[in-house]
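Student: Attaching a single structure in structure tokens format; questions to follow.
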Amino acid sequence: MNFILDGGPIFMVPLLALLIVIIILFAKGLKNNTEKTLKLINSLALFSFVFGVLGFVIGMLGALDAIAEIGGDIAPQVLAGGFKVGLLSPTFGMVIFLIGKLFTIILTSIKK
């Protein structure tokens, strides 16, 4: 769970909440498989992906602003560490997106 704090709680905690909601909807869909549940899982999964990318863009804009203020003389290790941290939220968003799509495929395949 350290990656949630490393990726920035402003974006990672809502993404975790979205993952929990998607899992709950999947469990609900196993009992009562409706088109509404499928659409909701799809929408939340896509929102998670886009929200993660938004976190990356906002983080990179802030980082580039900070680099510009110090004159651009930055160690490559610091830059690589910043990119690693910046890529955590879109990666988590992609994982949630894939989980949501997998749940949708499963629910669609068992739908009568």
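Chain lettering (A, B, ...) mirrors the order of the structure tokens, residue numbering begins at 1 for each chain separately, and ligand numbering begins at 1 in order of display.
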Got a sec: who's within 8 Å of Phe51 in chain A, counting only C-alpha atoms, leaving out chain neighbours fewer than 6 positions off, as a list in words?
Tutor: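 Within the cut-off, the hits are Phe11, Leu15, Pro90 and Gly93 of chain A.
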Student: Which residues are near Thr91 in chain A? Cut-off 10 Å, only C-alpha atoms, ignore same chain within fewer than 2 positions. Put them as a count of residues only.
Tutor: 14
Student: If you count only C-alpha atoms, which residues fall within 7 Å of Gly100 in chain A, apart from same-chain ones fewer than 5 positions away, as a list in words?
Tutor: Ile22, Ile41, Asn42 and Ala45 of chain A
Student: Could you save the residues just selected, with all heavy atoms, as a JSON list (two decimals), in the first residue's frame?
Tutor:
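Result file follows (again.json):
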[["chain", "number", "residue", "atom", "x", "y", "z"],
["A", 22, "ILE", "N", -16.14, -0.68, -7.95],
["A", 22, "ILE", "CA", -16.23, -1.60, -9.09],
["A", 22, "ILE", "C", -16.32, -3.05, -8.61],
["A", 22, "ILE", "O", -17.11, -3.84, -9.14],
["A", 22, "ILE", "CB", -15.04, -1.39, -10.05],
["A", 22, "ILE", "CG1", -15.20, -0.05, -10.78],
["A", 22, "ILE", "CG2", -14.92, -2.53, -11.05],
["A", 22, "ILE", "CD1", -14.00, 0.36, -11.60],
["A", 41, "ILE", "N", -20.14, -0.24, -14.40],
["A", 41, "ILE", "CA", -18.76, -0.74, -14.26],
["A", 41, "ILE", "C", -17.89, -0.19, -15.38],
["A", 41, "ILE", "O", -16.77, 0.27, -15.15],
["A", 41, "ILE", "CB", -18.74, -2.28, -14.24],
["A", 41, "ILE", "CG1", -19.35, -2.81, -12.94],
["A", 41, "ILE", "CG2", -17.31, -2.81, -14.39],
["A", 41, "ILE", "CD1", -19.52, -4.31, -12.89],
["A", 42, "ASN", "N", -18.41, -0.22, -16.62],
["A", 42, "ASN", "CA", -17.65, 0.32, -17.76],
["A", 42, "ASN", "C", -17.35, 1.80, -17.58],
["A", 42, "ASN", "O", -16.22, 2.24, -17.81],
["A", 42, "ASN", "CB", -18.44, 0.11, -19.06],
["A", 42, "ASN", "CG", -18.12, -1.20, -19.72],
["A", 42, "ASN", "OD1", -17.01, -1.70, -19.61],
["A", 42, "ASN", "ND2", -19.10, -1.75, -20.39],
["A", 45, "ALA", "N", -14.78, 2.34, -14.77],
["A", 45, "ALA", "CA", -13.46, 1.88, -15.19],
["A", 45, "ALA", "C", -12.80, 2.91, -16.10],
["A", 45, "ALA", "O", -11.62, 3.25, -15.93],
["A", 45, "ALA", "CB", -13.58, 0.53, -15.90]]
Student: Here is a test: counting only C-alpha atoms, which residue of A:Ile23, A:Val50, A:Leu64, A:Ala80 is nearest to Thr37 in chain A?
Tutor: A:Ile23
Student: Would you pick out the contacts of Gly82 in chain A at 9 Å or less, using only C-alpha atoms, so that residues sharing its chain but fewer than 5 positions from it are not included, and give the list as a PyMOL selection string?
Tutor: chain A and resi 60+63+77+87
Student: Please produce an output containing N, CA and C atoms for each residue in the selection, written as a compact mmCIF listing (two decimals), in the first residue's frame.
Tutor:
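This went into result25.txt:
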# COMPACT_ATOMS: atom_id res chain seq x y z
N MET A 60 3.03 16.35 -13.62
CA MET A 60 4.13 16.73 -14.51
C MET A 60 4.17 18.23 -14.75
N ALA A 63 5.86 19.58 -11.77
CA ALA A 63 7.28 19.25 -11.77
C ALA A 63 8.04 20.10 -12.79
N GLN A 77 18.85 11.45 -11.60
CA GLN A 77 18.22 10.57 -10.62
C GLN A 77 16.95 11.18 -10.05
N LEU A 87 4.10 8.40 -12.70
CA LEU A 87 3.45 7.34 -13.47
C LEU A 87 2.64 6.37 -12.62
Student: For Lys111 in chain A, which residue among A:Leu38, A:Ile58, A:Ile24, A:Leu79 is the nearest when counting only C-alpha atoms?
Tutor: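 The closest residue to Lys111 in chain A is A:Leu38.
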